Amino acid sequence: MTKYTLEPLLIDLRAPKGEYEVTLTINAERDTLCTISEKSQGTVAEDKPLMQGKTDIIFTVQTDRDISIEIFCDGDITATAMAQYM
């Protein structure tokens with residue numbers, strides 16, 4: 001994994017126990033790399049290239065309580081997440 005210099009962006013979603021499809025939308029100010037992890041699942045994407053603009057990343061997570069996402073990136077980004085119960 002790349003050694004990122006900025007603090008991770010944290011996203012917490014309240015969710016009861018279950019399996020969820022998570023859609024993470026990242027808006028990057030410039031081309032960059034990112035690594036995404038989820039508390040109960042571990043690494044979701046490692047050193048994923050992001051192009052300037054919006055990128056959707058979809059993954060499935062099994063959780064006992066809430067969904068916690070960390071996005072490590074050295075570029076300026078904003079992000080939103082949505083979880084749908086499966």
# chains A, B, ... in the order shown; residues from 1 in each chain; ligands from 1
call {"tool": "select_by_dssp", "arguments": {"residues": "chain A", "states": "strand (DSSP E)", "output": "ChimeraX atom specification"}}
result
/A:9-13,18-28,32-38,42-50,53-63,67-73,77-85
call {"tool": "residues_around", "arguments": {"residues": "Thr60 in chain A", "least_positions_apart": "6", "cutoff": "10 Å", "atoms": "only C-alpha atoms", "output": "PyMOL selection string"}}
result
chain A and resi 19-23+41+44+83-86
call {"tool": "residues_around", "arguments": {"residues": "range 64-78 of chain A", "least_positions_apart": "6", "cutoff": "9 Å", "atoms": "only C-alpha atoms", "output": "PyMOL selection string"}}
result
chain A and resi 4-19+25-40+47
call {"tool": "atom_distance", "arguments": {"atom1": "CA of Ala45 in chain A", "atom2": "CA of Ile57 in chain A"}}
result
8.8 Å
